[in-house]
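Shown next: target31.txt, given as compact mmCIF, N, CA and C atoms.
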```txt
# COMPACT_ATOMS: atom_id res chain seq x y z
N MET A 1 -17.33 -6.18 15.71
CA MET A 1 -15.93 -6.43 15.38
C MET A 1 -15.73 -6.15 13.90
N ALA A 2 -14.87 -5.18 13.57
CA ALA A 2 -14.58 -4.83 12.18
C ALA A 2 -13.51 -5.77 11.63
N LEU A 3 -13.84 -6.42 10.54
CA LEU A 3 -12.90 -7.35 9.92
C LEU A 3 -12.24 -6.71 8.71
N LYS A 4 -10.96 -7.00 8.52
CA LYS A 4 -10.20 -6.47 7.40
C LYS A 4 -9.54 -7.61 6.66
N LEU A 5 -9.53 -7.51 5.34
CA LEU A 5 -8.68 -8.36 4.51
C LEU A 5 -7.43 -7.53 4.28
N ARG A 6 -6.30 -7.97 4.80
CA ARG A 6 -5.08 -7.16 4.71
C ARG A 6 -3.85 -8.03 4.60
N LEU A 7 -2.70 -7.37 4.43
CA LEU A 7 -1.44 -8.07 4.28
C LEU A 7 -0.75 -8.21 5.63
N ALA A 8 -0.14 -9.37 5.86
CA ALA A 8 0.71 -9.61 7.02
C ALA A 8 2.10 -9.94 6.49
N ARG A 9 3.10 -9.19 6.92
CA ARG A 9 4.44 -9.33 6.36
C ARG A 9 5.19 -10.50 6.98
N HIS A 10 5.84 -11.27 6.11
CA HIS A 10 6.71 -12.36 6.52
C HIS A 10 7.96 -12.27 5.65
N GLY A 11 8.85 -13.21 5.79
CA GLY A 11 10.06 -13.21 4.97
C GLY A 11 11.21 -12.55 5.70
N ALA A 12 12.37 -12.55 5.06
CA ALA A 12 13.58 -12.01 5.66
C ALA A 12 13.68 -10.50 5.40
N LYS A 13 14.70 -9.92 6.01
CA LYS A 13 14.94 -8.49 5.81
C LYS A 13 15.24 -8.23 4.33
N LYS A 14 14.58 -7.25 3.77
CA LYS A 14 14.72 -6.85 2.36
C LYS A 14 14.28 -7.93 1.38
N ARG A 15 13.58 -8.95 1.86
CA ARG A 15 13.02 -10.02 1.02
C ARG A 15 11.59 -10.26 1.48
N PRO A 16 10.69 -9.30 1.27
CA PRO A 16 9.34 -9.43 1.84
C PRO A 16 8.51 -10.51 1.16
N TYR A 17 7.62 -11.05 1.94
CA TYR A 17 6.63 -12.02 1.49
C TYR A 17 5.40 -11.75 2.34
N TYR A 18 4.26 -11.61 1.71
CA TYR A 18 3.06 -11.25 2.45
C TYR A 18 2.02 -12.35 2.38
N ARG A 19 1.29 -12.52 3.48
CA ARG A 19 0.12 -13.38 3.50
C ARG A 19 -1.10 -12.47 3.51
N ILE A 20 -2.10 -12.82 2.75
CA ILE A 20 -3.36 -12.09 2.76
C ILE A 20 -4.24 -12.77 3.80
N VAL A 21 -4.58 -12.02 4.84
CA VAL A 21 -5.29 -12.60 5.97
C VAL A 21 -6.56 -11.81 6.28
N VAL A 22 -7.47 -12.46 6.99
CA VAL A 22 -8.64 -11.80 7.56
C VAL A 22 -8.32 -11.59 9.03
N ALA A 23 -8.39 -10.33 9.47
CA ALA A 23 -8.03 -10.03 10.86
C ALA A 23 -8.96 -8.98 11.42
N ASP A 24 -9.03 -8.94 12.73
CA ASP A 24 -9.73 -7.87 13.42
C ASP A 24 -8.95 -6.58 13.13
N ALA A 25 -9.64 -5.50 12.85
CA ALA A 25 -8.99 -4.24 12.50
C ALA A 25 -8.10 -3.73 13.63
N ARG A 26 -8.36 -4.14 14.86
CA ARG A 26 -7.58 -3.66 16.01
C ARG A 26 -6.31 -4.48 16.25
N ALA A 27 -6.18 -5.63 15.60
CA ALA A 27 -5.02 -6.50 15.79
C ALA A 27 -3.80 -5.90 15.07
N PRO A 28 -2.58 -6.15 15.57
CA PRO A 28 -1.39 -5.63 14.90
C PRO A 28 -1.20 -6.26 13.52
N ARG A 29 -0.41 -5.58 12.68
CA ARG A 29 -0.23 -6.01 11.29
C ARG A 29 0.20 -7.46 11.17
N ASP A 30 1.21 -7.85 11.91
CA ASP A 30 1.73 -9.21 11.82
C ASP A 30 1.25 -10.09 12.96
N GLY A 31 0.25 -9.63 13.68
CA GLY A 31 -0.21 -10.35 14.85
C GLY A 31 -1.31 -11.34 14.55
N ARG A 32 -2.24 -11.43 15.48
CA ARG A 32 -3.30 -12.43 15.43
C ARG A 32 -4.20 -12.20 14.22
N PHE A 33 -4.55 -13.29 13.54
CA PHE A 33 -5.48 -13.22 12.43
C PHE A 33 -6.48 -14.35 12.53
N ILE A 34 -7.57 -14.23 11.78
CA ILE A 34 -8.64 -15.21 11.86
C ILE A 34 -8.48 -16.31 10.82
N ASP A 35 -8.16 -15.91 9.58
CA ASP A 35 -8.07 -16.87 8.49
C ASP A 35 -7.08 -16.38 7.46
N ARG A 36 -6.38 -17.29 6.82
CA ARG A 36 -5.45 -16.96 5.75
C ARG A 36 -6.15 -17.24 4.42
N VAL A 37 -6.21 -16.24 3.54
CA VAL A 37 -6.95 -16.39 2.29
C VAL A 37 -6.07 -16.27 1.05
N GLY A 38 -4.78 -16.03 1.21
CA GLY A 38 -3.92 -15.95 0.04
C GLY A 38 -2.53 -15.51 0.39
N SER A 39 -1.73 -15.22 -0.66
CA SER A 39 -0.37 -14.76 -0.47
C SER A 39 0.02 -13.82 -1.59
N TYR A 40 1.05 -13.01 -1.31
CA TYR A 40 1.56 -12.03 -2.28
C TYR A 40 3.07 -12.00 -2.14
N ASN A 41 3.78 -12.23 -3.24
CA ASN A 41 5.23 -12.22 -3.25
C ASN A 41 5.70 -11.12 -4.20
N PRO A 42 6.04 -9.92 -3.68
CA PRO A 42 6.43 -8.82 -4.57
C PRO A 42 7.79 -9.01 -5.22
N MET A 43 8.55 -10.01 -4.81
CA MET A 43 9.87 -10.26 -5.39
C MET A 43 9.77 -10.96 -6.75
N LEU A 44 8.63 -11.52 -7.06
CA LEU A 44 8.44 -12.18 -8.35
C LEU A 44 8.11 -11.16 -9.42
N PRO A 45 8.36 -11.48 -10.70
CA PRO A 45 8.01 -10.54 -11.78
C PRO A 45 6.51 -10.27 -11.82
N LYS A 46 6.14 -9.10 -12.34
CA LYS A 46 4.74 -8.70 -12.33
C LYS A 46 3.85 -9.62 -13.17
N ASP A 47 4.42 -10.27 -14.17
CA ASP A 47 3.61 -11.14 -15.03
C ASP A 47 3.54 -12.58 -14.52
N SER A 48 4.18 -12.86 -13.39
CA SER A 48 4.18 -14.22 -12.83
C SER A 48 2.81 -14.54 -12.21
N GLU A 49 2.34 -15.76 -12.45
CA GLU A 49 1.06 -16.19 -11.89
C GLU A 49 1.16 -16.43 -10.37
N ASP A 50 2.36 -16.70 -9.87
CA ASP A 50 2.54 -16.99 -8.45
C ASP A 50 2.71 -15.73 -7.61
N ARG A 51 2.73 -14.56 -8.24
CA ARG A 51 2.92 -13.31 -7.50
C ARG A 51 1.78 -13.08 -6.50
N VAL A 52 0.54 -13.25 -6.95
CA VAL A 52 -0.63 -13.11 -6.08
C VAL A 52 -1.44 -14.40 -6.19
N GLN A 53 -1.66 -15.04 -5.05
CA GLN A 53 -2.47 -16.24 -5.01
C GLN A 53 -3.61 -16.01 -4.03
N LEU A 54 -4.83 -16.22 -4.50
CA LEU A 54 -6.01 -16.02 -3.66
C LEU A 54 -6.86 -17.29 -3.62
N ASP A 55 -7.41 -17.57 -2.46
CA ASP A 55 -8.43 -18.61 -2.34
C ASP A 55 -9.76 -17.89 -2.57
N VAL A 56 -10.26 -17.97 -3.79
CA VAL A 56 -11.42 -17.18 -4.21
C VAL A 56 -12.64 -17.49 -3.36
N GLU A 57 -12.86 -18.74 -3.05
CA GLU A 57 -14.04 -19.11 -2.26
C GLU A 57 -13.99 -18.50 -0.86
N LYS A 58 -12.83 -18.56 -0.22
CA LYS A 58 -12.70 -17.97 1.11
C LYS A 58 -12.89 -16.45 1.05
N CYS A 59 -12.33 -15.83 0.02
CA CYS A 59 -12.47 -14.37 -0.12
C CYS A 59 -13.94 -13.98 -0.27
N LYS A 60 -14.66 -14.71 -1.12
CA LYS A 60 -16.09 -14.43 -1.30
C LYS A 60 -16.84 -14.59 0.01
N GLU A 61 -16.51 -15.65 0.74
CA GLU A 61 -17.18 -15.92 2.01
C GLU A 61 -16.96 -14.79 3.01
N TRP A 62 -15.71 -14.32 3.15
CA TRP A 62 -15.42 -13.27 4.11
C TRP A 62 -15.98 -11.92 3.67
N LEU A 63 -15.99 -11.65 2.37
CA LEU A 63 -16.59 -10.40 1.89
C LEU A 63 -18.09 -10.40 2.16
N ALA A 64 -18.72 -11.57 2.02
CA ALA A 64 -20.16 -11.68 2.31
C ALA A 64 -20.44 -11.48 3.80
N LYS A 65 -19.49 -11.83 4.65
CA LYS A 65 -19.65 -11.65 6.10
C LYS A 65 -19.37 -10.22 6.54
N GLY A 66 -18.91 -9.36 5.61
CA GLY A 66 -18.71 -7.96 5.94
C GLY A 66 -17.27 -7.51 6.07
N ALA A 67 -16.30 -8.36 5.77
CA ALA A 67 -14.90 -7.96 5.84
C ALA A 67 -14.61 -6.95 4.74
N ARG A 68 -13.81 -5.93 5.04
CA ARG A 68 -13.46 -4.89 4.07
C ARG A 68 -11.97 -4.98 3.76
N PRO A 69 -11.59 -4.97 2.48
CA PRO A 69 -10.17 -5.05 2.13
C PRO A 69 -9.46 -3.71 2.28
N THR A 70 -8.17 -3.77 2.52
CA THR A 70 -7.35 -2.57 2.49
C THR A 70 -7.12 -2.18 1.03
N GLU A 71 -6.49 -1.05 0.80
CA GLU A 71 -6.31 -0.55 -0.57
C GLU A 71 -5.55 -1.55 -1.44
N ARG A 72 -4.45 -2.08 -0.95
CA ARG A 72 -3.64 -3.01 -1.74
C ARG A 72 -4.39 -4.32 -2.00
N VAL A 73 -5.04 -4.85 -1.00
CA VAL A 73 -5.79 -6.10 -1.17
C VAL A 73 -6.99 -5.88 -2.08
N ALA A 74 -7.60 -4.69 -2.02
CA ALA A 74 -8.72 -4.38 -2.90
C ALA A 74 -8.26 -4.40 -4.36
N ARG A 75 -7.04 -3.97 -4.60
CA ARG A 75 -6.48 -4.02 -5.96
C ARG A 75 -6.35 -5.46 -6.44
N PHE A 76 -5.87 -6.34 -5.56
CA PHE A 76 -5.75 -7.75 -5.92
C PHE A 76 -7.12 -8.37 -6.17
N LEU A 77 -8.08 -8.06 -5.30
CA LEU A 77 -9.43 -8.60 -5.47
C LEU A 77 -10.08 -8.06 -6.73
N GLY A 78 -9.80 -6.81 -7.07
CA GLY A 78 -10.33 -6.23 -8.31
C GLY A 78 -9.80 -6.95 -9.54
N ALA A 79 -8.52 -7.32 -9.50
CA ALA A 79 -7.93 -8.06 -10.62
C ALA A 79 -8.55 -9.45 -10.74
N ALA A 80 -8.99 -10.01 -9.61
CA ALA A 80 -9.62 -11.33 -9.62
C ALA A 80 -11.12 -11.25 -9.90
N GLY A 81 -11.66 -10.03 -9.96
CA GLY A 81 -13.08 -9.85 -10.24
C GLY A 81 -13.98 -10.00 -9.03
N LEU A 82 -13.42 -9.89 -7.83
CA LEU A 82 -14.21 -10.06 -6.61
C LEU A 82 -14.62 -8.74 -5.96
N TRP A 83 -13.99 -7.65 -6.34
CA TRP A 83 -14.22 -6.36 -5.69
C TRP A 83 -14.14 -5.27 -6.74
N ASP A 84 -14.94 -4.24 -6.59
CA ASP A 84 -14.92 -3.11 -7.53
C ASP A 84 -13.88 -2.11 -7.04
N TRP A 85 -12.65 -2.23 -7.54
CA TRP A 85 -11.56 -1.36 -7.11
C TRP A 85 -11.47 -0.15 -8.02
N LYS A 86 -11.40 1.03 -7.40
CA LYS A 86 -11.20 2.27 -8.15
C LYS A 86 -9.91 2.90 -7.66
N ALA A 87 -9.13 3.40 -8.60
CA ALA A 87 -7.87 4.04 -8.24
C ALA A 87 -8.16 5.27 -7.39
N GLY A 88 -7.37 5.43 -6.33
CA GLY A 88 -7.52 6.59 -5.46
C GLY A 88 -7.02 7.85 -6.14
N ASN A 89 -7.49 9.00 -5.69
CA ASN A 89 -7.06 10.27 -6.23
C ASN A 89 -6.59 11.14 -5.07
N ASN A 90 -5.30 11.36 -4.99
CA ASN A 90 -4.74 12.20 -3.94
C ASN A 90 -3.93 13.31 -4.61
N PRO A 91 -4.56 14.44 -4.93
CA PRO A 91 -3.84 15.50 -5.65
C PRO A 91 -2.76 16.16 -4.81
N ASN A 92 -2.78 16.02 -3.49
CA ASN A 92 -1.77 16.64 -2.63
C ASN A 92 -0.53 15.79 -2.45
N LYS A 93 -0.56 14.56 -2.92
CA LYS A 93 0.55 13.65 -2.69
C LYS A 93 1.84 14.14 -3.35
N GLY A 94 1.75 14.69 -4.54
CA GLY A 94 2.93 15.11 -5.27
C GLY A 94 3.43 16.50 -4.92
N LYS A 95 2.71 17.22 -4.09
CA LYS A 95 3.11 18.58 -3.73
C LYS A 95 4.21 18.54 -2.66
N PRO A 96 5.16 19.49 -2.74
CA PRO A 96 6.21 19.50 -1.72
C PRO A 96 5.68 19.92 -0.36
N GLY A 97 6.36 19.47 0.69
CA GLY A 97 5.96 19.79 2.05
C GLY A 97 6.44 21.17 2.46
N ALA A 98 6.21 21.54 3.71
CA ALA A 98 6.54 22.87 4.21
C ALA A 98 8.04 23.12 4.18
N ALA A 99 8.84 22.13 4.58
CA ALA A 99 10.30 22.30 4.59
C ALA A 99 10.84 22.50 3.17
N ALA A 100 10.34 21.74 2.23
CA ALA A 100 10.79 21.87 0.85
C ALA A 100 10.38 23.23 0.27
N LEU A 101 9.18 23.70 0.60
CA LEU A 101 8.76 25.02 0.14
C LEU A 101 9.65 26.11 0.71
N GLN A 102 10.06 25.96 1.97
CA GLN A 102 10.95 26.94 2.59
C GLN A 102 12.31 26.94 1.89
N LEU A 103 12.84 25.77 1.56
CA LEU A 103 14.12 25.68 0.85
C LEU A 103 14.03 26.35 -0.52
N ILE A 104 12.94 26.14 -1.23
CA ILE A 104 12.75 26.76 -2.54
C ILE A 104 12.70 28.27 -2.40
N LYS A 105 11.98 28.75 -1.39
CA LYS A 105 11.87 30.20 -1.16
C LYS A 105 13.24 30.80 -0.84
N ASP A 106 14.02 30.12 0.05
CA ASP A 106 15.35 30.60 0.40
C ASP A 106 16.27 30.64 -0.82
N LYS A 107 16.19 29.64 -1.66
CA LYS A 107 17.02 29.57 -2.86
C LYS A 107 16.70 30.71 -3.81
N GLU A 108 15.41 31.01 -3.96
CA GLU A 108 15.00 32.12 -4.82
C GLU A 108 15.49 33.45 -4.27
N GLU A 109 15.42 33.61 -2.94
CA GLU A 109 15.90 34.86 -2.32
C GLU A 109 17.40 35.03 -2.50
N ARG A 110 18.18 33.95 -2.36
CA ARG A 110 19.63 34.03 -2.57
C ARG A 110 19.95 34.37 -4.02
N ALA A 111 19.21 33.78 -4.95
CA ALA A 111 19.44 34.07 -6.36
C ALA A 111 19.11 35.53 -6.67
N GLN A 112 18.04 36.04 -6.08
CA GLN A 112 17.65 37.44 -6.28
C GLN A 112 18.72 38.37 -5.70
N ALA A 113 19.23 38.05 -4.49
CA ALA A 113 20.27 38.87 -3.87
C ALA A 113 21.55 38.85 -4.70
N ARG A 114 21.91 37.70 -5.24
CA ARG A 114 23.10 37.56 -6.08
C ARG A 114 22.94 38.41 -7.34
N LYS A 115 21.75 38.38 -7.93
CA LYS A 115 21.48 39.13 -9.14
C LYS A 115 21.60 40.64 -8.88
N GLU A 116 21.07 41.08 -7.73
CA GLU A 116 21.16 42.51 -7.37
C GLU A 116 22.59 42.93 -7.10
N ALA A 117 23.41 42.04 -6.47
CA ALA A 117 24.81 42.35 -6.19
C ALA A 117 25.61 42.47 -7.49
N GLU A 118 25.29 41.66 -8.46
CA GLU A 118 26.00 41.73 -9.76
C GLU A 118 25.62 42.97 -10.53
N ALA A 119 24.41 43.46 -10.37
CA ALA A 119 23.92 44.64 -11.09
C ALA A 119 24.60 45.92 -10.58
N GLU A 120 25.05 45.91 -9.34
CA GLU A 120 25.63 47.13 -8.77
C GLU A 120 27.05 47.32 -9.15
```
Before we go any further, please render this structure as structure tokens.
Amino acid sequence: MALKLRLARHGAKKRPYYRIVVADARAPRDGRFIDRVGSYNPMLPKDSEDRVQLDVEKCKEWLAKGARPTERVARFLGAAGLWDWKAGNNPNKGKPGAAALQLIKDKEERAQARKEAEAE
């Protein structure tokens, strides 16, 4: 059974509040979980101490049992000194997709045609 330390969303619409939970990797995001180890409130200012709350002892215990954190939870654990978090590198993330590339190509072709029509 693969265990994950991950976020479970709670709160109202457009007012998210997350619980940091230990869950089976196959369970749904907001579904069944094994243990609650903290909370995250993104609506609070970034410098607020209540923004991320972790039960450090429970986190250490579950990490020792083999639970693996998701990217966001790994960042929180890294800030608490419990996990060695490294920033991901995705060089393709900022590149435009196929549809955007087609639009750029079409725009360049129209500009070229307009330029040729003015030259004549």
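As for CA of Gln53 (chain A) and CA of Ser39 (chain A), they are spaced 5.2 Å apart.
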Can you list, as a list in words, all residues belonging to region 28-70 of chain A that DSSP tags as alpha helix (DSSP H)?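 Reading the DSSP output for region 28-70 of chain A, alpha helix (DSSP H) covers Val56, Glu57, Lys58, Cys59, Lys60, Glu61, Trp62, Leu63 and Ala64 of chain A.
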Write a file of the selected residues as an mmCIF file, keeping the file's coordinate frame, keeping N, CA and C atoms.
```
data_model
loop_
_atom_site.group_PDB
_atom_site.id
_atom_site.type_symbol
_atom_site.label_atom_id
_atom_site.label_comp_id
_atom_site.auth_asym_id
_atom_site.auth_seq_id
_atom_site.Cartn_x
_atom_site.Cartn_y
_atom_site.Cartn_z
ATOM 1 N N VAL A 56 -10.260 -17.970 -3.790
ATOM 2 C CA VAL A 56 -11.420 -17.180 -4.210
ATOM 3 C C VAL A 56 -12.640 -17.490 -3.360
ATOM 4 N N GLU A 57 -12.860 -18.740 -3.050
ATOM 5 C CA GLU A 57 -14.040 -19.110 -2.260
ATOM 6 C C GLU A 57 -13.990 -18.500 -0.860
ATOM 7 N N LYS A 58 -12.830 -18.560 -0.220
ATOM 8 C CA LYS A 58 -12.700 -17.970 1.110
ATOM 9 C C LYS A 58 -12.890 -16.450 1.050
ATOM 10 N N CYS A 59 -12.330 -15.830 0.020
ATOM 11 C CA CYS A 59 -12.470 -14.370 -0.120
ATOM 12 C C CYS A 59 -13.940 -13.980 -0.270
ATOM 13 N N LYS A 60 -14.660 -14.710 -1.120
ATOM 14 C CA LYS A 60 -16.090 -14.430 -1.300
ATOM 15 C C LYS A 60 -16.840 -14.590 0.010
ATOM 16 N N GLU A 61 -16.510 -15.650 0.740
ATOM 17 C CA GLU A 61 -17.180 -15.920 2.010
ATOM 18 C C GLU A 61 -16.960 -14.790 3.010
ATOM 19 N N TRP A 62 -15.710 -14.320 3.150
ATOM 20 C CA TRP A 62 -15.420 -13.270 4.110
ATOM 21 C C TRP A 62 -15.980 -11.920 3.670
ATOM 22 N N LEU A 63 -15.990 -11.650 2.370
ATOM 23 C CA LEU A 63 -16.590 -10.400 1.890
ATOM 24 C C LEU A 63 -18.090 -10.400 2.160
ATOM 25 N N ALA A 64 -18.720 -11.570 2.020
ATOM 26 C CA ALA A 64 -20.160 -11.680 2.310
ATOM 27 C C ALA A 64 -20.440 -11.480 3.800
#
```
Residue nearest Leu82 (chain A) - candidates A:Arg36, A:Lys95, A:Lys60, A:Arg6, atoms counted: all atoms listed in the file: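 Nearest to Leu82 (chain A): A:Lys60.
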Compare A:Phe33, A:Gln102, A:Tyr40, A:Asp24 by their minimum atom-to-atom distance to His10 (chain A), counting only C-alpha atoms, and give me the closest one.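 Answer, going by the shortest atom-to-atom distance: A:Tyr40.
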Spatial neighbours of Ile34 (chain A), max dist 7 Å, all atoms listed in the file, sep filter under 6 positions, as an MDAnalysis selection string: chainID A and resid 21:24
Residues from last step as file, N, CA and C atoms, as a CSV table (one decimal), in the coordinates of the input:
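selection.csv, written as the output of this step:
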```
chain,number,residue,atom,x,y,z
A,21,VAL,N,-4.6,-12.0,4.8
A,21,VAL,CA,-5.3,-12.6,6.0
A,21,VAL,C,-6.6,-11.8,6.3
A,22,VAL,N,-7.5,-12.5,7.0
A,22,VAL,CA,-8.6,-11.8,7.6
A,22,VAL,C,-8.3,-11.6,9.0
A,23,ALA,N,-8.4,-10.3,9.5
A,23,ALA,CA,-8.0,-10.0,10.9
A,23,ALA,C,-9.0,-9.0,11.4
A,24,ASP,N,-9.0,-8.9,12.7
A,24,ASP,CA,-9.7,-7.9,13.4
A,24,ASP,C,-9.0,-6.6,13.1
```
For Thr70 (chain A), list every protein, DNA or RNA residue within 8 Å, evaluated using all atoms listed in the file, and leave out those in the same chain fewer than 2 positions away; present the list as a PyMOL selection string. chain A and resi 3-7+67-68+72-76
Selected residues written out with N, CA and C atoms, as a compact mmCIF listing (two decimals), in the coordinates of the input:
```
# COMPACT_ATOMS: atom_id res chain seq x y z
N LEU A 3 -13.84 -6.42 10.54
CA LEU A 3 -12.90 -7.35 9.92
C LEU A 3 -12.24 -6.71 8.71
N LYS A 4 -10.96 -7.00 8.52
CA LYS A 4 -10.20 -6.47 7.40
C LYS A 4 -9.54 -7.61 6.66
N LEU A 5 -9.53 -7.51 5.34
CA LEU A 5 -8.68 -8.36 4.51
C LEU A 5 -7.43 -7.53 4.28
N ARG A 6 -6.30 -7.97 4.80
CA ARG A 6 -5.08 -7.16 4.71
C ARG A 6 -3.85 -8.03 4.60
N LEU A 7 -2.70 -7.37 4.43
CA LEU A 7 -1.44 -8.07 4.28
C LEU A 7 -0.75 -8.21 5.63
N ALA A 67 -16.30 -8.36 5.77
CA ALA A 67 -14.90 -7.96 5.84
C ALA A 67 -14.61 -6.95 4.74
N ARG A 68 -13.81 -5.93 5.04
CA ARG A 68 -13.46 -4.89 4.07
C ARG A 68 -11.97 -4.98 3.76
N ARG A 72 -4.45 -2.08 -0.95
CA ARG A 72 -3.64 -3.01 -1.74
C ARG A 72 -4.39 -4.32 -2.00
N VAL A 73 -5.04 -4.85 -1.00
CA VAL A 73 -5.79 -6.10 -1.17
C VAL A 73 -6.99 -5.88 -2.08
N ALA A 74 -7.60 -4.69 -2.02
CA ALA A 74 -8.72 -4.38 -2.90
C ALA A 74 -8.26 -4.40 -4.36
N ARG A 75 -7.04 -3.97 -4.60
CA ARG A 75 -6.48 -4.02 -5.96
C ARG A 75 -6.35 -5.46 -6.44
N PHE A 76 -5.87 -6.34 -5.56
CA PHE A 76 -5.75 -7.75 -5.92
C PHE A 76 -7.12 -8.37 -6.17
```
Go ahead and compute the interatomic distance for CA of Gly81 (chain A) and CA of Val37 (chain A), in Å to one decimal. 15.4 Å
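Interatomic distance, CA of Arg51 (chain A) against CA of Leu77 (chain A): 13.4 Å.
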With distances taken over only C-alpha atoms, which residue among A:Arg19, A:Met43, A:Asn89, A:Asp35 lies nearest Lys58 (chain A)?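 Closest residue, counting only C-alpha atoms: A:Asp35.
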Please produce region 107-114 of chain A, completed to all heavy atoms, as a PDB file, in the frame of the given file.
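Contents of the output file selection.pdb:
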```
ATOM      1  N   LYS A 107      16.190  29.640  -1.660  1.00  0.00           N
ATOM      2  CA  LYS A 107      17.020  29.570  -2.860  1.00  0.00           C
ATOM      3  C   LYS A 107      16.700  30.710  -3.810  1.00  0.00           C
ATOM      4  O   LYS A 107      17.598  31.335  -4.384  1.00  0.00           O
ATOM      5  CB  LYS A 107      16.800  28.217  -3.546  1.00  0.00           C
ATOM      6  CG  LYS A 107      17.767  27.902  -4.641  1.00  0.00           C
ATOM      7  CD  LYS A 107      17.555  26.481  -5.151  1.00  0.00           C
ATOM      8  CE  LYS A 107      18.572  26.110  -6.170  1.00  0.00           C
ATOM      9  NZ  LYS A 107      18.379  24.734  -6.654  1.00  0.00           N
ATOM     10  N   GLU A 108      15.410  31.010  -3.960  1.00  0.00           N
ATOM     11  CA  GLU A 108      15.000  32.120  -4.820  1.00  0.00           C
ATOM     12  C   GLU A 108      15.490  33.450  -4.270  1.00  0.00           C
ATOM     13  O   GLU A 108      15.938  34.321  -5.018  1.00  0.00           O
ATOM     14  CB  GLU A 108      13.481  32.130  -4.970  1.00  0.00           C
ATOM     15  CG  GLU A 108      12.939  31.009  -5.815  1.00  0.00           C
ATOM     16  CD  GLU A 108      11.420  30.959  -5.816  1.00  0.00           C
ATOM     17  OE1 GLU A 108      10.783  31.729  -5.063  1.00  0.00           O
ATOM     18  OE2 GLU A 108      10.873  30.132  -6.569  1.00  0.00           O
ATOM     19  N   GLU A 109      15.420  33.610  -2.940  1.00  0.00           N
ATOM     20  CA  GLU A 109      15.900  34.860  -2.320  1.00  0.00           C
ATOM     21  C   GLU A 109      17.400  35.030  -2.500  1.00  0.00           C
ATOM     22  O   GLU A 109      17.873  36.130  -2.786  1.00  0.00           O
ATOM     23  CB  GLU A 109      15.542  34.870  -0.830  1.00  0.00           C
ATOM     24  CG  GLU A 109      14.067  35.043  -0.557  1.00  0.00           C
ATOM     25  CD  GLU A 109      13.718  34.910   0.913  1.00  0.00           C
ATOM     26  OE1 GLU A 109      14.632  34.626   1.736  1.00  0.00           O
ATOM     27  OE2 GLU A 109      12.526  35.077   1.240  1.00  0.00           O
ATOM     28  N   ARG A 110      18.180  33.950  -2.360  1.00  0.00           N
ATOM     29  CA  ARG A 110      19.630  34.030  -2.570  1.00  0.00           C
ATOM     30  C   ARG A 110      19.950  34.370  -4.020  1.00  0.00           C
ATOM     31  O   ARG A 110      20.853  35.155  -4.289  1.00  0.00           O
ATOM     32  CB  ARG A 110      20.290  32.707  -2.174  1.00  0.00           C
ATOM     33  CG  ARG A 110      20.397  32.497  -0.684  1.00  0.00           C
ATOM     34  CD  ARG A 110      21.352  31.359  -0.341  1.00  0.00           C
ATOM     35  NE  ARG A 110      21.015  30.105  -0.992  1.00  0.00           N
ATOM     36  CZ  ARG A 110      20.242  29.156  -0.455  1.00  0.00           C
ATOM     37  NH1 ARG A 110      19.731  29.328   0.747  1.00  0.00           N
ATOM     38  NH2 ARG A 110      19.997  28.048  -1.114  1.00  0.00           N
ATOM     39  N   ALA A 111      19.210  33.780  -4.950  1.00  0.00           N
ATOM     40  CA  ALA A 111      19.440  34.070  -6.360  1.00  0.00           C
ATOM     41  C   ALA A 111      19.110  35.530  -6.670  1.00  0.00           C
ATOM     42  O   ALA A 111      19.830  36.195  -7.430  1.00  0.00           O
ATOM     43  CB  ALA A 111      18.601  33.140  -7.233  1.00  0.00           C
ATOM     44  N   GLN A 112      18.040  36.040  -6.080  1.00  0.00           N
ATOM     45  CA  GLN A 112      17.650  37.440  -6.280  1.00  0.00           C
ATOM     46  C   GLN A 112      18.720  38.370  -5.700  1.00  0.00           C
ATOM     47  O   GLN A 112      19.089  39.362  -6.329  1.00  0.00           O
ATOM     48  CB  GLN A 112      16.288  37.709  -5.612  1.00  0.00           C
ATOM     49  CG  GLN A 112      15.758  39.100  -5.818  1.00  0.00           C
ATOM     50  CD  GLN A 112      15.381  39.354  -7.258  1.00  0.00           C
ATOM     51  OE1 GLN A 112      15.090  38.423  -8.022  1.00  0.00           O
ATOM     52  NE2 GLN A 112      15.402  40.598  -7.659  1.00  0.00           N
ATOM     53  N   ALA A 113      19.230  38.050  -4.490  1.00  0.00           N
ATOM     54  CA  ALA A 113      20.270  38.870  -3.870  1.00  0.00           C
ATOM     55  C   ALA A 113      21.550  38.850  -4.700  1.00  0.00           C
ATOM     56  O   ALA A 113      22.227  39.883  -4.865  1.00  0.00           O
ATOM     57  CB  ALA A 113      20.540  38.382  -2.455  1.00  0.00           C
ATOM     58  N   ARG A 114      21.910  37.700  -5.240  1.00  0.00           N
ATOM     59  CA  ARG A 114      23.100  37.560  -6.080  1.00  0.00           C
ATOM     60  C   ARG A 114      22.940  38.410  -7.340  1.00  0.00           C
ATOM     61  O   ARG A 114      23.894  39.081  -7.783  1.00  0.00           O
ATOM     62  CB  ARG A 114      23.316  36.096  -6.436  1.00  0.00           C
ATOM     63  CG  ARG A 114      24.734  35.761  -6.776  1.00  0.00           C
ATOM     64  CD  ARG A 114      24.980  34.272  -7.009  1.00  0.00           C
ATOM     65  NE  ARG A 114      24.522  33.444  -5.880  1.00  0.00           N
ATOM     66  CZ  ARG A 114      23.670  32.423  -5.991  1.00  0.00           C
ATOM     67  NH1 ARG A 114      23.163  32.103  -7.150  1.00  0.00           N
ATOM     68  NH2 ARG A 114      23.328  31.731  -4.920  1.00  0.00           N
TER      69      ARG A 114
END
```
